[in-house]
Amino acid sequence: MSTDQLSHALRNLVADVERGAKGPDAAELWGAGRRRRVGTVVLPAVVAACVAAVVAAVVWPSGVPQAVVPAERSGDVGASRLTAYPKTIAKPPFTQVTRAPSVTAALVPSGGSDRPPYAVSPEGEVTRVALPHSAFGLPDQAPSLSPDGRWVARGVVLTDLVRGETTPSEAEQTRLDRRWTPPQEPSWWSPDSRRVFVAAVNQGALRSDGVVVGVDGTTTEVPLVEGGLQATFAGWLDDDTLLALLDLGEGLTRLEVRTWSMGDPSWTSDDVVLSWSRDDSAELRALLSPDGSRLLLTAANIDAETNELARTWAMLFDPRSGARLGMPLTDGSLDVSKWAEGSAAGWEGWGCRPAWHDGLPIMTDRGVRGFVNPSGREGDDELVSVSSRYDQPCVAFAGNELRGTPVGNPALVWKERLWAWGLPVLGVTLAGLALWAWNRRHRGAWRQPPKRRPMIITQPF
Amino acid sequence: MADREAFDAFVRERWAPLLRTATLLTGDRHSAEDLVQETLIRAAQHWNRVDPATADAYVRRILYTRSVDAWRWRRHQPDPVEGREGDSHLGPQPSDEVDVRLTLAAALRRLTPRQRAVLVARFYEDRTEVQAAKVLGCSVNTVKSQTRHALERLRVLAPELADTFGRKEAAR
């Protein structure tokens with residue numbers, strides 16, 4: 001048998017192979033081919049459209065958000081508090097810096113002190129707000145947001161977030177900066193958003209415990225408490241009255257309430273004493289609720305060996321009578337019977353000022369959640385979800401309070417998710433598709449392997 | 001509409017030859033029918049770009065390419081050819097040539113798809129090396145080497161046909 005015979009044998013092998021077989025339906029084949037032809041055109045178009053939509057959704061410059069303010073915007077007559085707060089603070093990929101982000105519900109400091117903080121609208125839109133720096137290059141203080149969301153105070157400088165202006169004037173700012181050394185702690189806004197108290201120490205001979213700066217640019221010195229004794233400030237009892245606590249130093253924690261009203265020459269005592277059986281060595285902090293009806297005392301125990309915060313104890317008092325209201329519970333109630341214990345709160349971010357929600361304190365470090373987290377699980381009782389991509393999520397809310405209805409904005413969450421992992425996944429997918437397409441085009445089922453490769457690798461058979 | 005009619009006519013006329021070629025390429029009729037169907041769908045997909053004069057060559061090239069692609073996809077799975085010998089149309093035939101057919105069919109099934117394709121193009125379709133290279137989408141040298149490998153392999157697999165496969169085949 002020759003190769004001709006091989007040909008003959010091959011033909012014999014399949015000579016009657018089609019016998020009994022039914023030929024295909026040409027119409028069905030044609031229809032299937034047409035569907036594939038349409039698919040090869042439509043599918044890339046859909047993919048391209050999706051990619052374009054994703055890119056546009058993520059990187060398209062959104063500009064300054066047009067904040068929809070559910071509350072009345074503060075005018076010349078008076079101010080009103082925000083009645084909504086963002087349910088989610090997602091960190092956008094690109095945020096332009098502006099001097100006038102409009103009415104703001106929250107501020108999130110950025111990682112570095114020289115970087116502008118993030119301004120969050122009541123709907124959760126995020127921009128960065130340009131705030132003036134200290135005239136003397138001192139570290140910038142933590143920002144504090146007025147209850148109406150219009151003003152932000154950092155030290156003695158107030159910035160109008162609606163108009164983008166600062167007050168007092170630059171010359172006055174320089175003078176105030178020269179005279180006062182503000183602490184890192186945020187300032188205290190009056191409930192009517194008309195003035196802010198800066199617990200500052202004046203340069204030179206000790207003469208006052210701070211300064212009140214009005215949004216109209218006026219400044220008022222606050223007299224010393226009891227001739228200069230160390231006082232713990234708690235904020236504004238009402239629109240005109242400041243409250244401070246004076247440690248009586250008698251073993252157990254006993255704090256005398258002192259108040260000062262605008263225009264008074266000195267602080268006054270109403271013989272109200274707060275007593276609490278906490279360790280004297282604990283670091284005390286005080287915070288008045290926005291309506292001035294409740295006073296939060298926190299005592300932080302510091303581990304002597306590691307110098308780290310071990311535990312924080314919290315208790316609520318009536319600032320006018322000194323009555324113990326109880327420890328805040330997770331269900332929103334107060335347990336008077338356990339007043340001696342106080343709420344034990346693991347407070348990692350000591351330094352973030354608590355805020356208020358429905359008359360109870362909440363923590364504003366990392367996620368914003370109830371003061372006590374019973375399960376210890378991250379995210380439980382979360383009131384505002386703060387993106388983990390913020391370096392230092394120590395959120396300052398307008399008026400230090402979550403009031404009204406939370407406003408959710410799922411689009412912002414998805415925007416961040418897409419940026420965080422959607423685009424990388426998309427990139428990897430596209431790269432994989434490109435590699436697959438390249439391989440499909442170049443794999444050359446019949447091509448010989450390149451000769452430069454070792455035969456042991458390239459020998460296909 | 002003209003395309004559709006031309007395609008219908010092509011399917012009617014060329015389905016049987018395509019099935020025979022596909023049977024040799026795949027080793028069994030069931031796989032061959034699938035291969036032909038897939039080939040014709042692929043051809044219909046691009047039929048508007050097919051020159052009627054070269055439609056058969058175009059379709060056959062798809063057939064060869066798809067046969068190797070299908071093998072690539074299946075190579076990590078059990079070879080249906082080996083497991084379905086009873087179904088094969090290359091199985092026992094009641095004739096005098098039954099021994100040759102059996103031996104040749106078994107040997108063909110043990111070749112690689114590329115080697116089968118070369119043998120089919122060269123000896124079943126009686127193409128020259130240049131024509132075979134063109135329809136297979138490879139170089140002439142590849143056709144030569146694959147043919148040599150295939151014949152040597154057949155000689156090992158089917159010693160009783162060694163005279164046929166061992167002969168030096170003249171270039172055409």
# chains A, B, ... in the order shown; residues from 1 in each chain; ligands from 1

call {"tool": "closest_atom_pairs", "arguments": {"of": "chain A", "to": "chain B", "cutoff": "9 Å", "atoms": "only C-alpha atoms", "output": "tab-separated table"}}
result
residue	atom	partner	partner_atom	distance
A:Met1	CA	B:Thr164	CA	4.9
A:Ser2	CA	B:Thr164	CA	5.0
A:Thr3	CA	B:Thr164	CA	6.2
A:Asp4	CA	B:Phe123	CA	7.5
A:Gln5	CA	B:Thr164	CA	7.6
A:Leu6	CA	B:Phe123	CA	6.8
A:Ser7	CA	B:Phe123	CA	4.7
A:His8	CA	B:Tyr124	CA	7.7
A:Ala9	CA	B:Arg101	CA	7.2
A:Leu10	CA	B:Tyr124	CA	5.9
A:Arg11	CA	B:Tyr124	CA	6.3
A:Asn12	CA	B:Arg101	CA	8.0
A:Leu13	CA	B:Arg101	CA	6.3
A:Val14	CA	B:Arg20	CA	5.5
A:Ala15	CA	B:Arg20	CA	7.3
A:Asp16	CA	B:Arg20	CA	8.3
A:Val17	CA	B:Arg20	CA	6.3
A:Glu18	CA	B:Ala16	CA	6.1
A:Gly23	CA	B:Trp15	CA	7.0
A:Pro24	CA	B:Gln37	CA	7.3
A:Asp25	CA	B:Val11	CA	8.6
A:Ala26	CA	B:Asp8	CA	5.4
A:Ala27	CA	B:Asp8	CA	7.4
A:Glu28	CA	B:Ile41	CA	8.7
A:Leu29	CA	B:Ile41	CA	5.2
A:Trp30	CA	B:Ala44	CA	5.4
A:Gly31	CA	B:Ala44	CA	8.2
A:Ala32	CA	B:Ile41	CA	6.2
A:Gly33	CA	B:Gln45	CA	4.0
A:Arg34	CA	B:Gln45	CA	5.5
A:Arg35	CA	B:Gln45	CA	7.9
A:Arg36	CA	B:Gln45	CA	6.3
A:Arg37	CA	B:Gln45	CA	5.3
A:Val38	CA	B:Gln45	CA	8.8
A:Gly444	CA	B:Cys138	CA	7.9
A:Ala445	CA	B:Val68	CA	7.1
A:Trp446	CA	B:Cys138	CA	4.8
A:Arg447	CA	B:Cys138	CA	5.5
A:Gln448	CA	B:Thr142	CA	6.7
A:Phe461	CA	B:Thr112	CA	8.1

call {"tool": "write_last_selection", "arguments": {"atoms": "C-alpha atoms", "output": "PDB file, in the first residue's frame"}}
result
ATOM      1  CA  MET A   1       0.000   0.000   0.000  1.00  0.00           C
ATOM      2  CA  SER A   2       1.356   3.433  -0.957  1.00  0.00           C
ATOM      3  CA  THR A   3       0.335   6.848   0.166  1.00  0.00           C
ATOM      4  CA  ASP A   4      -2.242   6.652  -2.557  1.00  0.00           C
ATOM      5  CA  GLN A   5      -3.498   3.576  -0.853  1.00  0.00           C
ATOM      6  CA  LEU A   6      -3.558   5.481   2.398  1.00  0.00           C
ATOM      7  CA  SER A   7      -5.732   8.063   0.722  1.00  0.00           C
ATOM      8  CA  HIS A   8      -7.942   5.316  -0.535  1.00  0.00           C
ATOM      9  CA  ALA A   9      -8.144   3.738   2.903  1.00  0.00           C
ATOM     10  CA  LEU A  10      -9.062   7.032   4.506  1.00  0.00           C
ATOM     11  CA  ARG A  11     -11.818   7.603   1.995  1.00  0.00           C
ATOM     12  CA  ASN A  12     -13.111   4.097   2.534  1.00  0.00           C
ATOM     13  CA  LEU A  13     -13.119   4.711   6.246  1.00  0.00           C
ATOM     14  CA  VAL A  14     -15.679   7.472   6.020  1.00  0.00           C
ATOM     15  CA  ALA A  15     -17.350   6.648   2.734  1.00  0.00           C
ATOM     16  CA  ASP A  16     -20.739   5.935   4.252  1.00  0.00           C
ATOM     17  CA  VAL A  17     -20.482   7.932   7.416  1.00  0.00           C
ATOM     18  CA  GLU A  18     -23.419  10.141   6.543  1.00  0.00           C
ATOM     19  CA  GLY A  23     -28.611  16.831   7.867  1.00  0.00           C
ATOM     20  CA  PRO A  24     -28.763  19.973   9.962  1.00  0.00           C
ATOM     21  CA  ASP A  25     -31.479  22.571   9.643  1.00  0.00           C
ATOM     22  CA  ALA A  26     -29.867  25.405   7.739  1.00  0.00           C
ATOM     23  CA  ALA A  27     -32.381  27.884   9.120  1.00  0.00           C
ATOM     24  CA  GLU A  28     -31.429  27.032  12.682  1.00  0.00           C
ATOM     25  CA  LEU A  29     -27.741  27.317  11.885  1.00  0.00           C
ATOM     26  CA  TRP A  30     -28.335  30.662  10.204  1.00  0.00           C
ATOM     27  CA  GLY A  31     -30.333  31.911  13.191  1.00  0.00           C
ATOM     28  CA  ALA A  32     -27.670  30.806  15.662  1.00  0.00           C
ATOM     29  CA  GLY A  33     -24.997  32.513  13.603  1.00  0.00           C
ATOM     30  CA  ARG A  34     -27.000  35.698  13.429  1.00  0.00           C
ATOM     31  CA  ARG A  35     -27.482  35.697  17.177  1.00  0.00           C
ATOM     32  CA  ARG A  36     -23.763  35.335  17.675  1.00  0.00           C
ATOM     33  CA  ARG A  37     -23.112  38.132  15.199  1.00  0.00           C
ATOM     34  CA  VAL A  38     -25.427  40.411  17.140  1.00  0.00           C
ATOM     35  CA  GLY A 444      -1.496  29.750  16.597  1.00  0.00           C
ATOM     36  CA  ALA A 445      -2.594  26.185  16.814  1.00  0.00           C
ATOM     37  CA  TRP A 446      -0.356  25.327  13.906  1.00  0.00           C
ATOM     38  CA  ARG A 447       2.548  27.607  14.489  1.00  0.00           C
ATOM     39  CA  GLN A 448       5.887  26.192  15.417  1.00  0.00           C
ATOM     40  CA  PHE A 461       4.068  16.612  21.316  1.00  0.00           C
TER      41      PHE A 461
END

call {"tool": "residues_around", "arguments": {"residues": "Ser275 of chain A", "least_positions_apart": "2", "cutoff": "7 Å", "atoms": "only C-alpha atoms", "output": "PDB file with all heavy atoms, in the first residue's frame"}}
result
ATOM      1  N   THR A 253     -14.688  61.947  94.062  1.00  0.00           N
ATOM      2  CA  THR A 253     -14.890  62.969  93.056  1.00  0.00           C
ATOM      3  C   THR A 253     -16.053  63.876  93.472  1.00  0.00           C
ATOM      4  O   THR A 253     -17.198  63.423  93.544  1.00  0.00           O
ATOM      5  CB  THR A 253     -15.191  62.312  91.704  1.00  0.00           C
ATOM      6  OG1 THR A 253     -14.096  61.515  91.344  1.00  0.00           O
ATOM      7  CG2 THR A 253     -15.446  63.345  90.647  1.00  0.00           C
ATOM      8  N   ARG A 254     -15.743  65.097  93.767  1.00  0.00           N
ATOM      9  CA  ARG A 254     -16.781  66.077  94.108  1.00  0.00           C
ATOM     10  C   ARG A 254     -16.489  67.327  93.312  1.00  0.00           C
ATOM     11  O   ARG A 254     -15.424  67.916  93.404  1.00  0.00           O
ATOM     12  CB  ARG A 254     -16.789  66.380  95.605  1.00  0.00           C
ATOM     13  CG  ARG A 254     -17.169  65.164  96.450  1.00  0.00           C
ATOM     14  CD  ARG A 254     -17.258  65.486  97.922  1.00  0.00           C
ATOM     15  NE  ARG A 254     -18.448  66.252  98.236  1.00  0.00           N
ATOM     16  CZ  ARG A 254     -18.424  67.512  98.685  1.00  0.00           C
ATOM     17  NH1 ARG A 254     -17.277  68.133  98.859  1.00  0.00           N
ATOM     18  NH2 ARG A 254     -19.556  68.138  98.971  1.00  0.00           N
ATOM     19  N   LEU A 255     -17.461  67.673  92.510  1.00  0.00           N
ATOM     20  CA  LEU A 255     -17.276  68.809  91.604  1.00  0.00           C
ATOM     21  C   LEU A 255     -18.350  69.855  91.863  1.00  0.00           C
ATOM     22  O   LEU A 255     -19.542  69.526  91.897  1.00  0.00           O
ATOM     23  CB  LEU A 255     -17.340  68.339  90.143  1.00  0.00           C
ATOM     24  CG  LEU A 255     -16.316  67.272  89.749  1.00  0.00           C
ATOM     25  CD1 LEU A 255     -16.682  66.667  88.416  1.00  0.00           C
ATOM     26  CD2 LEU A 255     -14.918  67.894  89.671  1.00  0.00           C
ATOM     27  N   VAL A 273     -23.297  70.552  93.849  1.00  0.00           N
ATOM     28  CA  VAL A 273     -22.092  69.715  93.872  1.00  0.00           C
ATOM     29  C   VAL A 273     -22.426  68.349  93.256  1.00  0.00           C
ATOM     30  O   VAL A 273     -23.448  67.736  93.586  1.00  0.00           O
ATOM     31  CB  VAL A 273     -21.570  69.524  95.307  1.00  0.00           C
ATOM     32  CG1 VAL A 273     -20.380  68.553  95.310  1.00  0.00           C
ATOM     33  CG2 VAL A 273     -21.156  70.859  95.895  1.00  0.00           C
ATOM     34  N   SER A 277     -18.260  58.363  93.029  1.00  0.00           N
ATOM     35  CA  SER A 277     -17.215  57.590  93.694  1.00  0.00           C
ATOM     36  C   SER A 277     -16.209  57.046  92.694  1.00  0.00           C
ATOM     37  O   SER A 277     -15.947  55.845  92.650  1.00  0.00           O
ATOM     38  CB  SER A 277     -17.856  56.440  94.483  1.00  0.00           C
ATOM     39  OG  SER A 277     -18.610  55.633  93.602  1.00  0.00           O
TER      40      SER A 277
END

call {"tool": "select_by_dssp", "arguments": {"residues": "segment 196-436 of chain A", "states": "strand (DSSP E or B)", "output": "JSON, numbers by chain"}}
result
{"A": [196, 197, 198, 201, 202, 208, 209, 210, 211, 212, 213, 214, 219, 220, 221, 222, 223, 231, 232, 233, 234, 235, 236, 241, 242, 243, 244, 245, 246, 247, 250, 252, 253, 254, 255, 256, 257, 258, 259, 260, 261, 268, 269, 270, 271, 272, 273, 274, 275, 276, 283, 284, 285, 286, 287, 288, 295, 296, 297, 298, 299, 300, 301, 302, 309, 310, 311, 312, 313, 314, 315, 316, 317, 324, 325, 326, 327, 328, 334, 335, 343, 344, 345, 350, 352, 355, 356, 357, 360, 361, 362, 363, 365, 368, 369, 370, 382, 383, 384, 385, 386, 394, 396, 397, 401, 402, 405, 406, 407]}

call {"tool": "select_by_dssp", "arguments": {"residues": "segment 115-197 of chain A", "states": "helix (DSSP H, G or I)", "output": "compact mmCIF listing (two decimals) with C-alpha atoms, in the first residue's frame"}}
result
# COMPACT_ATOMS: atom_id res chain seq x y z
CA GLU A 170 -7.05 89.14 59.82
CA ALA A 171 -5.58 91.89 61.98
CA GLU A 172 -7.76 90.82 64.88
CA GLN A 173 -6.88 87.18 64.28
CA THR A 174 -3.22 88.01 64.53
CA ARG A 175 -3.81 89.94 67.72
CA LEU A 176 -5.85 87.10 69.22
CA ASP A 177 -3.35 84.49 68.15
CA ARG A 178 -0.63 86.54 69.79
CA ARG A 179 -2.61 86.84 72.98

call {"tool": "residues_around", "arguments": {"residues": "segment 101-110 of chain A", "least_positions_apart": "4", "cutoff": "7 Å", "atoms": "only C-alpha atoms", "output": "list of chain:residue names"}}
result
A:Val64, A:Ala67, A:Tyr85, A:Arg115, A:Pro116, A:Pro117, A:Tyr118, A:Ala119, A:Val120, A:Ser121, A:Pro122, A:Thr127, A:Val129, A:Gly149, A:Arg150, A:Leu161, A:Val162, A:Asp391, A:Gln392, A:Pro393, A:Cys394, A:Val395, A:Ala396, A:Phe397, A:Ala398
